[in-house]
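Note: the block below is model03.cif and it holds mmCIF, C-alpha atoms.
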```
data_final
loop_
_atom_site.label_atom_id
_atom_site.label_comp_id
_atom_site.auth_asym_id
_atom_site.auth_seq_id
_atom_site.Cartn_x
_atom_site.Cartn_y
_atom_site.Cartn_z
CA MET A 1 94.50 15.40 16.89
CA PRO A 2 96.14 18.54 15.43
CA ARG A 3 97.62 20.95 17.91
CA SER A 4 95.41 23.87 16.92
CA PHE A 5 92.24 21.81 17.45
CA ARG A 6 93.35 20.85 20.94
CA ASN A 7 93.86 24.52 21.79
CA ILE A 8 90.40 25.38 20.51
CA SER A 9 88.79 22.62 22.57
CA LEU A 10 90.68 23.78 25.66
CA ILE A 11 89.48 27.33 25.14
CA ILE A 12 85.90 26.11 24.68
CA MET A 13 86.21 24.12 27.93
CA VAL A 14 87.48 27.13 29.88
CA ILE A 15 84.66 29.31 28.54
CA ALA A 16 82.11 26.62 29.38
CA ILE A 17 83.47 26.26 32.92
CA ILE A 18 83.35 30.01 33.56
CA GLY A 19 79.86 30.20 32.08
CA LEU A 20 78.60 27.34 34.23
CA ILE A 21 80.08 28.78 37.42
CA ALA A 22 78.35 32.08 36.64
CA LEU A 23 75.08 30.18 36.08
CA ILE A 24 75.45 28.34 39.40
CA VAL A 25 75.98 31.60 41.27
CA TYR A 26 73.09 33.26 39.41
CA THR A 27 70.59 30.48 40.10
CA GLU A 28 71.79 29.72 43.65
CA THR A 29 69.29 31.96 45.42
CA GLY A 30 67.00 33.73 43.01
CA LYS A 31 65.10 30.94 41.24
CA LYS A 32 61.56 30.32 42.49
CA LYS A 33 59.52 29.64 39.38
CA ALA A 34 60.51 26.74 37.18
CA LEU A 35 62.02 27.72 33.84
CA VAL A 36 60.16 27.02 30.60
CA VAL A 37 62.53 24.17 29.73
CA GLU A 38 62.14 22.64 33.16
CA ASN A 39 58.40 22.84 32.93
CA ALA A 40 58.22 21.11 29.57
CA LEU A 41 60.70 18.40 30.52
CA GLY A 42 58.93 17.68 33.79
CA GLN A 43 55.65 17.38 31.93
CA VAL A 44 57.06 14.54 29.83
CA LEU A 45 59.00 12.73 32.53
CA ALA A 46 56.60 12.96 35.46
CA PRO A 47 54.20 10.15 34.41
CA MET A 48 57.09 7.75 33.71
CA GLN A 49 58.74 8.57 37.03
CA LYS A 50 55.45 8.16 38.83
CA GLY A 51 54.90 4.66 37.45
CA LEU A 52 58.45 3.49 38.08
CA TYR A 53 58.52 5.00 41.57
CA SER A 54 55.41 3.20 42.70
CA ALA A 55 56.62 -0.03 41.10
CA SER A 56 59.94 0.24 42.95
CA THR A 57 58.15 0.95 46.21
CA TYR A 58 56.24 -2.28 45.74
CA VAL A 59 59.37 -4.30 44.98
CA TYR A 60 61.21 -2.72 47.92
CA ASN A 61 58.44 -3.66 50.30
CA VAL A 62 58.41 -7.24 49.01
CA PHE A 63 62.14 -7.62 49.65
CA ALA A 64 61.92 -5.95 53.03
CA GLY A 65 59.38 -8.62 53.96
CA VAL A 66 61.56 -11.61 53.01
CA GLY A 67 63.78 -11.32 56.08
CA GLU A 68 60.83 -11.41 58.41
CA ARG A 69 59.31 -14.57 56.98
CA HIS A 70 61.05 -17.16 59.14
CA ASN A 71 59.31 -16.26 62.39
CA MET A 72 55.97 -15.88 60.70
CA LYS A 73 54.32 -18.95 62.16
CA LYS A 74 54.59 -17.73 65.74
CA GLU A 75 53.48 -14.29 64.74
CA TYR A 76 50.44 -15.74 63.02
CA GLU A 77 49.08 -17.22 66.23
CA GLU A 78 49.67 -14.00 68.11
CA LEU A 79 48.09 -11.96 65.40
CA LYS A 80 44.95 -14.12 65.36
CA GLU A 81 44.36 -13.23 68.99
CA ARG A 82 45.05 -9.62 68.28
CA VAL A 83 42.50 -9.58 65.47
CA ALA A 84 39.75 -10.67 67.82
CA GLU A 85 40.72 -7.94 70.27
CA LEU A 86 40.94 -5.32 67.60
CA GLU A 87 37.60 -6.18 66.09
CA GLN A 88 36.00 -5.22 69.34
CA GLU A 89 37.99 -2.03 69.35
CA LEU A 90 36.98 -1.31 65.79
CA TYR A 91 33.27 -1.21 66.50
CA ARG A 92 33.88 1.33 69.21
CA LEU A 93 36.09 3.41 66.94
CA GLU A 94 33.62 3.37 64.08
CA GLU A 95 31.13 4.92 66.38
CA LEU A 96 33.65 7.54 67.41
CA GLU A 97 34.60 8.23 63.82
CA LYS A 98 31.07 9.08 62.85
CA HIS A 99 30.91 11.41 65.77
CA ASN A 100 34.22 12.89 64.80
CA GLU A 101 33.18 13.47 61.22
CA ARG A 102 30.20 15.48 62.29
CA LEU A 103 32.36 17.64 64.54
CA LYS A 104 34.98 18.08 61.87
CA ASP A 105 32.52 19.70 59.51
CA LEU A 106 31.93 22.31 62.13
CA VAL A 107 35.56 22.85 62.94
CA MET A 108 36.37 23.39 59.28
CA PHE A 109 34.64 26.69 59.36
CA THR A 110 35.90 27.99 62.66
CA GLU A 111 38.59 30.59 62.75
CA GLU A 112 41.09 28.50 64.70
CA ASN A 113 41.75 26.37 61.66
CA LYS A 114 44.22 28.58 59.92
CA GLU A 115 46.17 25.92 58.09
CA ILE A 116 44.48 25.08 54.87
CA VAL A 117 45.12 21.81 53.17
CA VAL A 118 45.75 22.89 49.61
CA THR A 119 45.96 19.48 47.99
CA GLY A 120 47.16 15.93 48.37
CA ALA A 121 50.08 14.82 46.23
CA ASN A 122 52.14 11.78 45.28
CA VAL A 123 55.91 11.63 45.51
CA ILE A 124 57.16 10.81 42.02
CA ALA A 125 60.95 11.07 42.26
CA LYS A 126 63.90 11.62 44.55
CA ASN A 127 67.10 13.50 43.97
CA PRO A 128 69.80 11.15 42.63
CA GLY A 129 73.14 11.31 44.43
CA SER A 130 74.02 11.48 48.09
CA TRP A 131 74.39 15.19 48.67
CA PHE A 132 70.89 16.61 48.51
CA ASN A 133 67.55 15.38 49.76
CA ASN A 134 64.96 16.89 47.47
CA ILE A 135 61.83 15.15 46.26
CA THR A 136 59.46 15.87 43.38
CA ILE A 137 55.67 15.80 43.84
CA ASP A 138 53.02 15.57 41.13
CA LYS A 139 51.09 18.76 41.96
CA GLY A 140 52.06 22.25 40.87
CA ALA A 141 50.87 25.79 40.30
CA LYS A 142 47.74 24.54 38.54
CA HIS A 143 46.61 22.83 41.73
CA GLY A 144 47.28 25.87 43.89
CA VAL A 145 50.72 24.95 45.17
CA SER A 146 53.13 27.83 45.65
CA VAL A 147 56.64 28.32 47.00
CA ASN A 148 57.20 27.96 50.78
CA MET A 149 54.10 25.88 51.39
CA ALA A 150 54.68 23.15 53.95
CA ILE A 151 54.57 19.45 53.07
CA VAL A 152 53.34 17.01 55.72
CA THR A 153 52.17 13.43 56.15
CA ASN A 154 50.23 11.94 59.03
CA HIS A 155 53.61 11.06 60.60
CA GLY A 156 54.85 14.64 60.64
CA LEU A 157 56.68 17.31 58.72
CA VAL A 158 58.32 16.44 55.39
CA GLY A 159 59.65 19.77 54.12
CA ARG A 160 58.74 22.83 52.11
CA VAL A 161 58.16 23.65 48.45
CA ILE A 162 61.15 25.41 46.88
CA GLU A 163 60.18 25.52 43.24
CA VAL A 164 56.89 25.27 41.39
CA ALA A 165 56.13 24.27 37.81
CA ASP A 166 52.68 23.90 36.27
CA ASN A 167 52.16 20.25 37.11
CA TRP A 168 54.89 19.38 39.57
CA SER A 169 57.00 20.93 42.34
CA LYS A 170 60.35 20.44 44.00
CA VAL A 171 60.35 19.95 47.76
CA ARG A 172 63.33 20.39 50.07
CA THR A 173 62.98 17.83 52.85
CA ILE A 174 63.93 18.65 56.45
CA VAL A 175 66.85 16.20 56.28
CA ASP A 176 68.49 18.18 53.46
CA ALA A 177 71.63 19.95 54.59
CA LYS A 178 70.30 23.26 53.32
CA SER A 179 67.07 23.02 55.28
CA ALA A 180 66.62 24.92 58.55
CA VAL A 181 63.37 24.72 60.53
CA SER A 182 62.64 26.50 63.78
CA GLY A 183 61.59 23.86 66.31
CA ILE A 184 60.35 23.65 69.87
CA VAL A 185 60.61 20.82 72.39
CA GLN A 186 57.08 19.90 73.40
CA ARG A 187 57.80 19.16 77.08
CA ASN A 188 59.90 22.10 78.21
CA ARG A 189 59.27 24.64 75.41
CA ASP A 190 62.96 25.04 74.51
CA ASN A 191 63.53 26.60 71.10
CA GLY A 192 66.12 25.37 68.67
CA LEU A 193 67.00 25.19 65.00
CA LEU A 194 66.47 21.91 63.14
CA LYS A 195 69.19 21.38 60.54
CA GLY A 196 69.26 18.55 58.04
CA ASN A 197 72.31 16.35 58.10
CA ASN A 198 72.11 14.22 55.02
CA SER A 199 75.77 14.29 54.13
CA LEU A 200 76.81 11.83 56.82
CA GLY A 201 75.95 8.69 54.89
CA SER A 202 75.12 6.40 57.80
CA GLU A 203 73.19 9.12 59.61
CA ASP A 204 70.95 9.65 56.62
CA GLY A 205 67.44 10.71 57.50
CA ILE A 206 68.31 12.38 60.79
CA CYS A 207 68.10 16.03 61.90
CA ARG A 208 70.18 17.98 64.37
CA MET A 209 68.45 20.44 66.65
CA ILE A 210 71.06 23.09 67.41
CA TYR A 211 71.13 26.25 69.56
CA LEU A 212 69.20 24.64 72.41
CA PRO A 213 69.87 26.57 75.65
CA GLU A 214 72.84 25.27 77.65
CA ASP A 215 70.73 24.69 80.77
CA SER A 216 68.02 22.89 78.83
CA ASN A 217 67.01 19.51 80.31
CA VAL A 218 66.01 18.05 76.97
CA ALA A 219 66.27 14.27 77.06
CA PRO A 220 65.92 11.33 74.67
CA GLY A 221 62.26 10.59 74.01
CA ASP A 222 61.13 14.23 73.95
CA LYS A 223 58.88 15.18 71.07
CA VAL A 224 59.86 18.07 68.79
CA LEU A 225 57.31 20.30 67.02
CA THR A 226 57.61 23.28 64.69
CA SER A 227 57.59 26.56 66.60
CA GLY A 228 55.96 28.70 63.92
CA LEU A 229 58.79 31.26 63.98
CA GLY A 230 59.71 32.41 60.50
CA GLU A 231 56.13 32.08 59.30
CA ILE A 232 56.84 29.37 56.74
CA PHE A 233 55.69 26.37 58.74
CA PRO A 234 52.50 26.51 60.78
CA LYS A 235 52.98 26.16 64.52
CA GLY A 236 52.75 22.75 66.16
CA ILE A 237 53.44 20.28 63.37
CA TYR A 238 55.08 17.13 64.72
CA VAL A 239 58.65 16.74 63.50
CA GLY A 240 60.21 13.86 65.41
CA GLU A 241 61.67 12.44 68.58
CA VAL A 242 64.95 13.23 70.33
CA VAL A 243 67.25 10.20 70.33
CA GLU A 244 70.45 11.70 71.73
CA VAL A 245 71.67 14.91 73.35
CA ILE A 246 75.19 16.18 72.73
CA LYS A 247 77.07 18.94 74.51
CA ASP A 248 80.44 19.80 73.08
CA LYS A 249 82.87 21.41 75.54
CA ARG A 250 83.52 24.41 73.35
CA ASP A 251 79.87 25.02 72.43
CA LEU A 252 77.65 27.42 74.35
CA TYR A 253 74.54 25.46 73.42
CA LYS A 254 73.26 21.91 73.38
CA THR A 255 72.60 19.84 70.29
CA ALA A 256 69.90 17.18 70.07
CA ILE A 257 69.80 14.45 67.45
CA VAL A 258 66.22 14.20 66.23
CA LYS A 259 64.77 11.23 64.38
CA PRO A 260 61.96 12.51 62.14
CA GLY A 261 58.61 10.78 62.38
CA VAL A 262 58.47 10.56 58.60
CA ASP A 263 60.24 7.61 56.96
CA PHE A 264 61.93 9.35 54.05
CA GLN A 265 62.83 5.99 52.54
CA ARG A 266 59.18 5.04 51.99
CA LEU A 267 57.52 8.34 51.25
CA GLU A 268 54.51 8.05 48.94
CA GLU A 269 51.53 10.31 49.63
CA VAL A 270 51.90 13.77 51.13
CA LEU A 271 49.71 16.79 51.91
CA VAL A 272 50.44 20.36 50.87
CA ILE A 273 49.34 22.92 53.46
CA SER A 274 49.55 26.69 53.47
CA THR A 275 49.90 29.11 56.36
CA GLU A 276 48.04 31.98 54.75
CA ARG A 277 44.86 33.17 56.35
CA MET B 1 70.80 9.67 14.82
CA ARG B 2 73.71 9.22 17.23
CA GLU B 3 72.73 12.33 19.18
CA VAL B 4 69.18 11.07 19.53
CA VAL B 5 70.35 7.69 20.81
CA ILE B 6 72.68 9.25 23.36
CA PHE B 7 70.05 11.68 24.56
CA GLY B 8 67.55 8.84 24.88
CA ILE B 9 69.99 6.85 26.99
CA LEU B 10 70.59 9.86 29.25
CA LEU B 11 66.85 10.43 29.68
CA LEU B 12 66.17 6.79 30.47
CA ASN B 13 69.05 6.76 32.93
CA LEU B 14 67.66 9.84 34.68
CA ILE B 15 64.25 8.26 35.09
CA ILE B 16 65.68 5.02 36.47
CA GLN B 17 68.13 6.85 38.70
CA SER B 18 65.46 8.98 40.33
CA SER B 19 62.72 6.40 40.73
CA VAL B 20 64.39 2.98 41.09
CA PHE B 21 67.80 3.60 42.68
CA PRO B 22 66.47 5.30 45.83
CA PHE B 23 65.27 1.82 46.77
CA MET B 24 68.63 0.17 46.12
CA GLU B 25 70.60 2.02 48.76
CA ILE B 26 73.43 0.11 50.44
CA PHE B 27 75.15 1.83 53.38
CA HIS B 28 72.95 4.81 52.50
CA VAL B 29 74.56 5.51 49.13
CA LYS B 30 73.20 5.01 45.65
CA PRO B 31 75.24 4.06 42.60
CA ASP B 32 75.89 6.99 40.28
CA SER B 33 74.93 5.45 36.96
CA LEU B 34 75.24 8.76 35.12
CA LEU B 35 78.91 8.89 36.11
CA SER B 36 79.50 5.39 34.78
CA LEU B 37 77.78 6.35 31.51
CA VAL B 38 79.87 9.51 31.14
CA VAL B 39 83.10 7.65 31.86
CA SER B 40 82.16 4.87 29.42
CA PHE B 41 81.43 7.35 26.62
CA SER B 42 84.70 9.17 27.33
CA LEU B 43 86.70 5.93 27.19
CA VAL B 44 85.01 4.64 24.06
CA ALA B 45 84.58 7.81 22.01
CA GLY B 46 87.12 10.32 23.30
CA ASN B 47 86.75 13.93 23.97
CA PRO B 48 84.10 16.12 22.45
CA THR B 49 81.63 13.28 23.02
CA GLY B 50 82.70 12.61 26.63
CA ALA B 51 82.50 16.24 27.71
CA LEU B 52 79.21 16.80 25.87
CA VAL B 53 77.56 13.69 27.32
CA GLY B 54 78.68 14.83 30.77
CA PHE B 55 77.37 18.33 30.17
CA PHE B 56 73.92 17.31 28.95
CA GLY B 57 73.53 14.47 31.43
CA GLY B 58 74.41 16.79 34.28
CA LEU B 59 72.17 19.54 32.92
CA LEU B 60 69.19 17.16 32.87
CA GLN B 61 69.79 16.33 36.54
CA ASP B 62 70.15 20.02 37.35
CA ILE B 63 66.92 20.91 35.64
CA LEU B 64 64.82 18.28 37.33
CA PHE B 65 66.36 17.97 40.77
CA GLY B 66 69.06 20.56 41.38
CA ASN B 67 68.95 23.45 43.79
CA ASN B 68 70.55 25.52 41.07
CA ILE B 69 71.36 25.06 37.41
CA GLY B 70 74.87 24.16 36.34
CA LEU B 71 76.29 22.36 39.35
CA TYR B 72 75.97 18.80 38.05
CA ALA B 73 76.56 19.94 34.47
CA LEU B 74 79.93 21.41 35.47
CA GLN B 75 80.97 18.34 37.43
CA TYR B 76 80.08 15.75 34.84
CA MET B 77 81.43 17.85 31.96
CA LEU B 78 84.81 18.21 33.66
CA VAL B 79 84.91 14.53 34.57
CA GLY B 80 84.01 13.59 30.99
CA TYR B 81 86.70 15.90 29.62
CA LEU B 82 89.42 14.66 31.97
CA ILE B 83 88.69 10.96 31.40
CA GLY B 84 88.33 11.64 27.66
CA MET B 85 91.92 12.89 27.60
CA ILE B 86 93.27 9.34 27.97
CA TYR B 87 91.35 8.21 24.87
CA GLY B 88 93.75 6.86 22.28
CA LYS B 89 96.73 7.15 24.64
CA MET B 90 96.40 3.76 26.31
CA TYR B 91 94.87 0.36 25.75
CA VAL B 92 91.48 0.16 27.42
CA ASP B 93 90.51 -3.34 28.49
CA LYS B 94 86.98 -4.35 29.48
CA PHE B 95 87.42 -4.46 33.21
CA PHE B 96 90.24 -2.80 35.11
CA ILE B 97 90.75 0.50 33.32
CA PRO B 98 87.00 1.37 33.34
CA ILE B 99 86.79 0.58 37.07
CA ILE B 100 89.88 2.61 37.94
CA ALA B 101 88.59 5.44 35.72
CA VAL B 102 85.18 5.49 37.37
CA ILE B 103 86.62 5.46 40.88
CA SER B 104 88.95 8.38 40.12
CA ALA B 105 86.09 10.17 38.34
CA ASN B 106 83.96 9.79 41.45
CA ILE B 107 86.71 11.20 43.65
CA ILE B 108 87.09 14.21 41.32
CA LYS B 109 83.31 14.75 41.30
CA GLN B 110 82.97 14.55 45.08
CA SER B 111 85.90 16.92 45.58
CA MET B 112 84.08 19.50 43.45
CA MET B 113 81.02 18.94 45.63
CA LEU B 114 83.17 19.66 48.71
CA VAL B 115 84.35 22.92 47.16
CA TYR B 116 80.73 23.87 46.39
CA ASN B 117 79.68 23.11 49.94
CA PHE B 118 82.59 25.14 51.27
CA PHE B 119 81.58 28.22 49.30
CA THR B 120 77.85 27.99 49.99
CA GLN B 121 78.51 27.23 53.68
CA SER B 122 75.62 24.84 53.78
CA GLY B 123 76.67 23.56 57.18
CA VAL B 124 77.43 20.03 56.00
CA LEU B 125 79.77 18.28 58.39
CA THR B 126 82.63 17.33 56.11
CA ASP B 127 84.94 15.46 58.46
CA LYS B 128 83.74 11.91 57.76
CA ILE B 129 82.65 12.36 54.16
CA PHE B 130 85.55 10.41 52.71
CA PHE B 131 84.56 7.20 54.44
CA GLN B 132 80.82 7.68 54.50
CA ILE B 133 80.11 8.87 50.96
CA ILE B 134 83.12 8.85 48.68
CA ILE B 135 84.45 5.32 49.33
CA PRO B 136 81.09 3.46 49.42
CA GLU B 137 79.69 5.33 46.42
CA SER B 138 82.88 4.67 44.43
CA PHE B 139 82.68 0.96 45.12
CA TYR B 140 79.00 0.70 44.39
CA THR B 141 79.42 2.56 41.09
CA ALA B 142 82.49 0.44 40.27
CA ILE B 143 80.41 -2.74 40.61
CA LEU B 144 77.96 -1.32 38.08
CA MET B 145 80.69 -0.12 35.74
CA PRO B 146 81.62 -3.31 33.77
CA PHE B 147 77.98 -3.80 32.73
CA VAL B 148 77.52 -0.21 31.61
CA PHE B 149 80.86 -0.21 29.83
CA SER B 150 80.21 -3.39 27.87
CA PHE B 151 76.80 -1.99 26.90
CA ILE B 152 78.38 1.18 25.52
CA VAL B 153 81.08 -0.81 23.70
CA LYS B 154 78.37 -2.92 22.07
CA LEU B 155 76.46 0.24 21.18
CA TYR B 156 79.51 1.66 19.42
CA ARG B 157 79.80 -1.46 17.23
CA ASN B 158 76.67 -0.24 15.45
CA LYS B 159 77.30 1.69 12.26
CA PHE B 160 75.46 4.87 13.13
CA MET B 161 77.63 5.42 16.21
CA SER B 162 81.04 5.18 14.54
CA LYS B 163 80.79 8.34 12.45
CA LYS B 164 83.56 10.74 13.46
CA TRP B 165 82.64 14.00 15.10
CA ARG B 166 83.41 16.86 12.69
CA PHE B 167 82.89 20.54 12.39
CA PRO B 168 80.48 21.42 9.55
CA LYS B 169 82.04 21.52 6.05
CA ILE B 170 81.90 25.31 5.68
CA LEU B 171 84.83 25.75 8.08
#
```
For this file, produce the structure as structure tokens.
Amino acid sequence: MPRSFRNISLIIMVIAIIGLIALIVYTETGKKKALVVENALGQVLAPMQKGLYSASTYVYNVFAGVGERHNMKKEYEELKERVAELEQELYRLEELEKHNERLKDLVMFTEENKEIVVTGANVIAKNPGSWFNNITIDKGAKHGVSVNMAIVTNHGLVGRVIEVADNWSKVRTIVDAKSAVSGIVQRNRDNGLLKGNNSLGSEDGICRMIYLPEDSNVAPGDKVLTSGLGEIFPKGIYVGEVVEVIKDKRDLYKTAIVKPGVDFQRLEEVLVISTER
Amino acid sequence: MREVVIFGILLLNLIIQSSVFPFMEIFHVKPDSLLSLVVSFSLVAGNPTGALVGFFGGLLQDILFGNNIGLYALQYMLVGYLIGMIYGKMYVDKFFIPIIAVISANIIKQSMMLVYNFFTQSGVLTDKIFFQIIIPESFYTAILMPFVFSFIVKLYRNKFMSKKWRFPKIL
């Protein structure tokens, strides 16, 4: 390689590095709407990702089941009994469900129901790498999704929308290190801030609830809900359960380790809800 | 032709990495197959290719998953450039050099991530990161590396790949 060429390539590298750093700083906070390139690329990749993601979920579940196979026989007998019990239960519940459905129609139109389910969505991809915990869903601006809408499942809060394209959106989950959700302990109404903690590899999928009052009697087993402060998440969405309480000597507040109700490893279908009235 | 092939490989890798690898986590880390691709290209084809593959591979990840644009592009481009510098200076076997290269590339990449986290003050607890992310991810990627590397070597035996990178004739 001639000397002059090496110098040119070094100069190009330096320019590229400076340019990229500028781009990182520029896009760090401002970007809300997906760029044109992003939109087009997502359009092409989303169906492929969707197929592969659901295929992998299936394979994952098959392998997860292999370990449990050896004590299946015993479980089978137990389960047979359970089925009989549950069948009884089912008849009762079916009756209740019909009742419930009728009531629900009414409730839909009452004013108390401020959260509106915008749409259901499928998870089609996860962020590669260990440092961020974003997911991609297959609904976008065309389906009425917009930035800062909350994402939930029946197990609790998943996260919020941070970027919207026409047919897909990026979601920052509550276990992402950049996520901060205002939470409240259901039992004693203590407020705290739920921070994601994904960087600690083995503690993946766990939140920390910080700034709990020093005299708080929060204990393992307490349920944590969203407090509605900040007006992004509606009040009272279930987040998770406290598994451990820490008090560092030099801190003026308590920290609770919260295990989210949502299993971020096996996330498939989610709901998009909005807080607007 | 070569550009199309490389871009296709990067695209395919991105799809697999985002939809299959999340289910292959061991000790809560995933293998970084993009890194092993970038390092392989750098070792086999040298510099403009290595840096460019890193840049575009990283940019694709940024566009589809990143919080901002340019973070992964910068990391992978620098890694590709640095590994590409040893091209032609030493004998590259099929096993040990690629593994050592990919482990050091991973350490460089993660250090840049640490710097990024320091400046954005994202509140990540960084005290145990070396043992909980860097070491396991390096090993997991290193296991993958011989397969990726031999694939790229085979790819470069094809005629359309061996054309030298040149500036256009007008220069």
Checklist entry - Any idea which chain B residues end up within 6 Å of chain A if we count all atoms listed in the file, as a list in words please? => result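 Listing them in order of chain and number gives Ile15, Ser18, Ser19, Val20, His28, Ile63, Phe65, Asn68, Ile69, Gly70, Ser122, Val124, Gln132 and Ile133 of chain B.
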Next on the checklist: the PyMOL selection byres ((chain B and resi 148-156) around 9) - which residues does that actually catch in the file I just gave you? List them as number ranges by chain.
Outcome noted: B: 33, 36-37, 39-41, 43-45, 94-95, 98, 144-147, 157-162
Residue subset to file, keeping C-alpha atoms, as a PDB file, in the frame of the given file:
```
ATOM      1  CA  SER B  33      74.930   5.450  36.960  1.00  0.00           C
ATOM      2  CA  SER B  36      79.500   5.390  34.780  1.00  0.00           C
ATOM      3  CA  LEU B  37      77.780   6.350  31.510  1.00  0.00           C
ATOM      4  CA  VAL B  39      83.100   7.650  31.860  1.00  0.00           C
ATOM      5  CA  SER B  40      82.160   4.870  29.420  1.00  0.00           C
ATOM      6  CA  PHE B  41      81.430   7.350  26.620  1.00  0.00           C
ATOM      7  CA  LEU B  43      86.700   5.930  27.190  1.00  0.00           C
ATOM      8  CA  VAL B  44      85.010   4.640  24.060  1.00  0.00           C
ATOM      9  CA  ALA B  45      84.580   7.810  22.010  1.00  0.00           C
ATOM     10  CA  LYS B  94      86.980  -4.350  29.480  1.00  0.00           C
ATOM     11  CA  PHE B  95      87.420  -4.460  33.210  1.00  0.00           C
ATOM     12  CA  PRO B  98      87.000   1.370  33.340  1.00  0.00           C
ATOM     13  CA  LEU B 144      77.960  -1.320  38.080  1.00  0.00           C
ATOM     14  CA  MET B 145      80.690  -0.120  35.740  1.00  0.00           C
ATOM     15  CA  PRO B 146      81.620  -3.310  33.770  1.00  0.00           C
ATOM     16  CA  PHE B 147      77.980  -3.800  32.730  1.00  0.00           C
ATOM     17  CA  ARG B 157      79.800  -1.460  17.230  1.00  0.00           C
ATOM     18  CA  ASN B 158      76.670  -0.240  15.450  1.00  0.00           C
ATOM     19  CA  LYS B 159      77.300   1.690  12.260  1.00  0.00           C
ATOM     20  CA  PHE B 160      75.460   4.870  13.130  1.00  0.00           C
ATOM     21  CA  MET B 161      77.630   5.420  16.210  1.00  0.00           C
ATOM     22  CA  SER B 162      81.040   5.180  14.540  1.00  0.00           C
TER      23      SER B 162
END
```
Shell of 8 Å around A:Ile246, only C-alpha atoms, local chain residues under 5 positions omitted, as a PDB file with C-alpha atoms, in the coordinates of the input:
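So the final result, stored in result15.pdb, reads:
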```pdb
ATOM      1  CA  LYS A 254      73.260  21.910  73.380  1.00  0.00           C
ATOM      2  CA  THR A 255      72.600  19.840  70.290  1.00  0.00           C
ATOM      3  CA  ALA A 256      69.900  17.180  70.070  1.00  0.00           C
ATOM      4  CA  ILE A 257      69.800  14.450  67.450  1.00  0.00           C
TER       5      ILE A 257
END
```
Checklist entry - In Å, how far is it from atom CA of B:Pro22 to atom CA of A:Phe264? => result 10.2 Å
Selection under test: the PyMOL selection byres ((chain A and resi 231) around 10); residues as a compact mmCIF listing (two decimals) with C-alpha atoms, in the coordinates of the input:
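Below is the file that was written, selection25.txt:
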```txt
# COMPACT_ATOMS: atom_id res chain seq x y z
CA ASN A 148 57.20 27.96 50.78
CA SER A 182 62.64 26.50 63.78
CA SER A 227 57.59 26.56 66.60
CA GLY A 228 55.96 28.70 63.92
CA LEU A 229 58.79 31.26 63.98
CA GLY A 230 59.71 32.41 60.50
CA ILE A 232 56.84 29.37 56.74
CA PHE A 233 55.69 26.37 58.74
CA PRO A 234 52.50 26.51 60.78
CA LYS A 235 52.98 26.16 64.52
CA THR A 275 49.90 29.11 56.36
CA GLU A 276 48.04 31.98 54.75
```
Item to check | atom CA of A:Lys139 to atom CA of A:Ala40, distance in Å rounded to a single decimal | outcome: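 Going from atom CA of A:Lys139 over to atom CA of A:Ala40 covers 14.5 Å.
Across the model, the gap from atom CA of B:Gln17 to atom CA of B:Val29 is 12.3 Å.
Counting only C-alpha atoms and comparing B:Asn47, B:Ser104, B:Ser42, B:Gln110, the residue that lies closest to B:Tyr72 is B:Gln110.
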